[in-house]
Protein chains: 2
Amino acid sequence: MIAKSQKHWTGDVAQLLRVGEGFVLDDVDPSATPGYEENKAQAAEDLAAGALQLDEYQERLFAESRVGATRASVLLVLQAMDSAGKGGIVRHVVGSVDPQGVSITAFKKPTPEELEHDFLWRIAQRLPEPGVIGVFDRSHYEDVLIGRVRELASRDEIERRYGAINTFEKQVTDAGTRVVKVMLHISSDEQKARLGERLDRPDKHWKYNPGDVDERELWPAYMDAYQRVFDRTSTEHAPWHVVPANRKWYARLAVQHLLLEALEQIDPQWPAATFDVEAEKKRLAQT
Amino acid sequence: MIAKSQKHWTGDVAQLLRVGEGFVLDDVDPSATPGYEENKAQAAEDLAAGALQLDEYQERLFAESRVGATRASVLLVLQAMDSAGKGGIVRHVVGSVDPQGVSITAFKKPTPEELEHDFLWRIAQRLPEPGVIGVFDRSHYEDVLIGRVRELASRDEIERRYGAINTFEKQVTDAGTRVVKVMLHISSDEQKARLGERLDRPDKHWKYNPGDVDERELWPAYMDAYQRVFDRTSTEHAPWHVVPANRKWYARLAVQHLLLEALEQIDPQWPAATFDVEAEKKRLAQT
């Protein structure tokens, strides 16, 4: 489906980016712009048009949920290597929606309390309420990414987690949440350039962490861990999308598209009044 | 202080709107635009300029908090009669800030669990973390507003709460949070017009609640309860501001100003690097 407000796609972007059978991460060009042949300036215009649409869809969904007409919600799961642009997606795509209809969780290193529970315990607590767009900036997938690369859990436990994730996400989607899973894919060279810029600019120093360079040296191991995540957890009910992200403008437009499409599938409508409109007009007039 | 990015104020708006000794709510004209003599179009331009400034201040504060250089935060407390425009403030003023740096809580009727605790229990849990702008859409003041008007608690208990609020807010400000308390003040006629519009427009029906008309009939009792709130809880450390709100554009500009001023007083700066920048450049180059 082509989102109605985004007119310049030349292909079904969700289909183009979806991780299906036989998907190989290594074959994806992080600089490509699948399904979009326009330039950055046109993309900015399209993003602005899509922002209005996304905002209206979300408000309609929120309205429906408030009168009890729907339990639906959307959950955007964002995973990526450092500096791939998760923050920019939150700011420039999700940031166009009324903040009252958005719930953002940035998952950090688990606390001691969180570690005492199953890895999905803290995740379940942060699922979006009906009517809301939830965003996970990192997620339960860290437990099979850094968890695997840094050997924070045994191989058996990592294997168990893939299945546990699929079961969990099936329950979540069955309960009415559309789960949009996105990996922002940059090249190692692009990351090097972006980390370099953080070091060059004093107003970006706070975003730099010496640990980023250590993680960088594990790049091939991370790509391998992502490939396994895709092989094991790109399901019918909650497929993965790999979004080429060397061009930030493309990544933002593509993720906006995925959110628009999720909302179009829910197809929220302004709910009918749950009271007698004419009677209320009379009551109000008398005050 | 005049916020640097808002150039068209003719007076110190925070001072003009602040509830000081001898303040009488009944003397405030809800259609006035204290300290601002420009029109709606100019206000829209000024709001856009202020939005960029607010976003930068918040990001700097967030950056400082991330390296442990500050514990500061800002808390906007919004109180108003129905339809006065709280939602518009959240959307159009707070919505211009990176959503990762904002924490919004809409306080509803207390749950049974919340009622088992002191009225400040649920409030304390939602205070903003360092670096964040927190927003309370309704707040602990409901417990001395509807609490008083609807007699949900005894008079003695209501009296106790004013003091408890002042002690609580002193602790919060001592811990580094700037508390910006705002009552959006509309006239009864303006509310009638706005509720009427909600009844006229099918896409606004969901915002209408028949209970709004019942509350409306208690207007004088609410104004009296607000006056008592101002008399008892407009303190040096956490003063109230009454913002005339019949003109939405004025209310938004004024609240943005109050937030800008709070951040200017914190004066957040991009933090110095907590690592050796040149050494990191070399490490990165070698990867």
# chains A, B, ... in the order shown; residues from 1 in each chain; ligands from 1
>>> residues_around(residues="segment 8-25 of chain A", least_positions_apart="6", cutoff="7 Å", atoms="only C-alpha atoms", output="VMD selection string")
chain A and resid 1 to 2 34 to 36 227 230 234 239 to 243 258
>>> interface_residues(of="chain B", to="chain A", cutoff="8 Å", atoms="only C-alpha atoms", output="JSON, numbers by chain")
{"B": [63, 64, 66, 67, 90, 91, 94, 95, 96, 98, 99, 100, 104, 192, 195, 196, 199, 202, 203, 205, 206, 207, 210, 213, 216, 217, 270, 271, 272, 273, 275, 277, 280, 281, 283, 284, 287]}
>>> residues_around(residues="Thr233 of chain B", least_positions_apart="3", cutoff="7 Å", atoms="only C-alpha atoms", output="count of residues only")
4
>>> residues_around(residues="Tyr250 of chain B", least_positions_apart="5", cutoff="8 Å", atoms="only C-alpha atoms", output="list in words")
Thr33, Lys40, Ala43, Pro244 and Ala245 of chain B
>>> residues_around(residues="Asp267 of chain B", least_positions_apart="5", cutoff="10 Å", atoms="only C-alpha atoms", output="PDB file with N, CA and C atoms, in the first residue's frame")
ATOM      1  N   TYR B  57      17.642  25.303  24.215  1.00  0.00           N
ATOM      2  CA  TYR B  57      17.861  25.334  25.666  1.00  0.00           C
ATOM      3  C   TYR B  57      17.644  23.951  26.276  1.00  0.00           C
ATOM      4  N   ARG B  60      20.450  21.607  25.445  1.00  0.00           N
ATOM      5  CA  ARG B  60      21.645  21.891  26.254  1.00  0.00           C
ATOM      6  C   ARG B  60      21.494  21.368  27.673  1.00  0.00           C
ATOM      7  N   LEU B  61      20.296  21.572  28.227  1.00  0.00           N
ATOM      8  CA  LEU B  61      20.046  21.105  29.599  1.00  0.00           C
ATOM      9  C   LEU B  61      20.144  19.584  29.657  1.00  0.00           C
ATOM     10  N   GLU B 261      12.034  31.696  30.032  1.00  0.00           N
ATOM     11  CA  GLU B 261      12.651  32.414  31.140  1.00  0.00           C
ATOM     12  C   GLU B 261      13.189  31.447  32.195  1.00  0.00           C
ATOM     13  N   ALA B 262      12.417  30.395  32.470  1.00  0.00           N
ATOM     14  CA  ALA B 262      12.884  29.395  33.445  1.00  0.00           C
ATOM     15  C   ALA B 262      14.207  28.785  32.978  1.00  0.00           C
TER      16      ALA B 262
END
>>> select_by_dssp(residues="segment 40-272 of chain A", states="alpha helix (DSSP H)", output="PyMOL selection string")
chain A and resi 40-66+86-92+112-115+121-124+146-149+155-174+188-200+210-216+219-233+248-266
>>> write_last_selection(atoms="C-alpha atoms", output="compact mmCIF listing (two decimals), in the first residue's frame")
# COMPACT_ATOMS: atom_id res chain seq x y z
CA LYS A 40 16.42 15.60 -0.54
CA ALA A 41 14.44 18.80 -1.08
CA GLN A 42 11.42 16.92 -2.38
CA ALA A 43 11.75 14.49 0.51
CA ALA A 44 11.53 17.40 2.96
CA GLU A 45 8.27 18.50 1.35
CA ASP A 46 6.90 14.98 1.40
CA LEU A 47 7.89 14.58 5.04
CA ALA A 48 6.02 17.77 5.96
CA ALA A 49 2.89 16.59 4.16
CA GLY A 50 3.12 13.19 5.80
CA ALA A 51 3.55 14.83 9.22
CA LEU A 52 0.11 16.44 8.97
CA GLN A 53 -1.42 13.14 7.94
CA LEU A 54 0.30 11.20 10.70
CA ASP A 55 -0.86 13.72 13.27
CA GLU A 56 -4.47 13.46 12.10
CA TYR A 57 -4.46 9.67 12.04
CA GLN A 58 -3.06 9.55 15.54
CA GLU A 59 -5.62 12.03 16.84
CA ARG A 60 -8.45 10.01 15.31
CA LEU A 61 -7.07 6.86 16.89
CA PHE A 62 -6.75 8.63 20.22
CA ALA A 63 -10.33 9.88 19.92
CA GLU A 64 -11.63 6.39 19.20
CA SER A 65 -9.74 4.96 22.14
CA ARG A 66 -11.14 7.62 24.47
CA LYS A 86 17.35 6.83 15.98
CA GLY A 87 17.23 10.18 17.73
CA GLY A 88 16.53 11.97 14.48
CA ILE A 89 13.61 9.66 13.75
CA VAL A 90 12.12 10.38 17.15
CA ARG A 91 12.62 14.12 16.76
CA HIS A 92 11.64 14.62 13.12
CA PRO A 112 19.82 -4.60 38.97
CA GLU A 113 16.05 -4.82 39.60
CA GLU A 114 15.37 -5.38 35.90
CA LEU A 115 18.05 -8.05 35.74
CA TRP A 121 9.52 -7.83 32.05
CA ARG A 122 10.58 -4.21 31.61
CA ILE A 123 9.46 -4.24 27.97
CA ALA A 124 5.88 -5.30 28.74
CA ILE A 146 24.71 -6.96 22.60
CA GLY A 147 23.60 -9.95 24.64
CA ARG A 148 25.02 -12.26 21.98
CA VAL A 149 28.04 -10.18 20.91
CA ARG A 155 24.03 -19.40 23.88
CA ASP A 156 21.14 -21.55 25.12
CA GLU A 157 19.53 -18.55 26.76
CA ILE A 158 19.97 -16.45 23.60
CA GLU A 159 18.33 -19.22 21.59
CA ARG A 160 15.42 -19.33 24.04
CA ARG A 161 14.93 -15.58 23.69
CA TYR A 162 14.21 -15.63 19.95
CA GLY A 163 11.23 -17.87 20.59
CA ALA A 164 10.14 -15.90 23.63
CA ILE A 165 10.20 -12.70 21.56
CA ASN A 166 8.03 -14.21 18.84
CA THR A 167 5.49 -15.45 21.37
CA PHE A 168 5.48 -12.10 23.16
CA GLU A 169 5.04 -10.08 19.96
CA LYS A 170 2.23 -12.36 18.84
CA GLN A 171 0.38 -11.63 22.08
CA VAL A 172 1.00 -7.92 21.64
CA THR A 173 -0.30 -7.85 18.07
CA ASP A 174 -3.28 -10.05 18.98
CA SER A 188 30.76 1.41 8.92
CA ASP A 189 32.34 4.32 7.00
CA GLU A 190 29.28 6.47 7.55
CA GLN A 191 29.42 5.76 11.29
CA LYS A 192 33.07 6.74 11.32
CA ALA A 193 32.23 10.07 9.69
CA ARG A 194 29.37 10.74 12.12
CA LEU A 195 31.40 9.89 15.21
CA GLY A 196 34.16 12.12 13.81
CA GLU A 197 31.71 14.98 13.54
CA ARG A 198 30.71 14.50 17.16
CA LEU A 199 34.36 14.86 18.12
CA ASP A 200 34.79 17.96 15.95
CA PRO A 210 34.50 6.38 24.11
CA GLY A 211 32.72 3.03 24.35
CA ASP A 212 31.31 3.71 20.86
CA VAL A 213 34.74 3.01 19.37
CA ASP A 214 34.98 -0.27 21.28
CA GLU A 215 31.59 -1.33 19.93
CA ARG A 216 32.69 -0.26 16.47
CA TRP A 219 30.95 -4.33 13.79
CA PRO A 220 31.09 -7.69 11.94
CA ALA A 221 29.87 -9.52 15.07
CA TYR A 222 26.95 -7.09 15.36
CA MET A 223 26.02 -7.52 11.69
CA ASP A 224 26.05 -11.26 12.27
CA ALA A 225 23.82 -10.87 15.34
CA TYR A 226 21.39 -8.69 13.35
CA GLN A 227 21.26 -11.29 10.58
CA ARG A 228 20.29 -13.90 13.17
CA VAL A 229 17.64 -11.60 14.61
CA PHE A 230 16.16 -11.20 11.15
CA ASP A 231 16.31 -14.95 10.43
CA ARG A 232 14.57 -15.80 13.69
CA THR A 233 12.16 -12.96 14.46
CA LYS A 248 19.00 10.63 6.85
CA TRP A 249 16.25 12.18 4.73
CA TYR A 250 15.45 8.85 3.16
CA ALA A 251 15.36 7.00 6.47
CA ARG A 252 12.98 9.55 7.98
CA LEU A 253 10.62 9.47 5.02
CA ALA A 254 10.63 5.67 4.94
CA VAL A 255 9.92 5.28 8.67
CA GLN A 256 7.16 7.88 8.44
CA HIS A 257 5.71 5.83 5.61
CA LEU A 258 5.75 2.66 7.69
CA LEU A 259 3.90 4.45 10.50
CA LEU A 260 1.37 5.95 8.08
CA GLU A 261 0.74 2.54 6.61
CA ALA A 262 0.23 0.97 10.04
CA LEU A 263 -2.33 3.65 10.85
CA GLU A 264 -4.05 3.29 7.48
CA GLN A 265 -4.48 -0.38 8.19
CA ILE A 266 -6.12 0.45 11.52
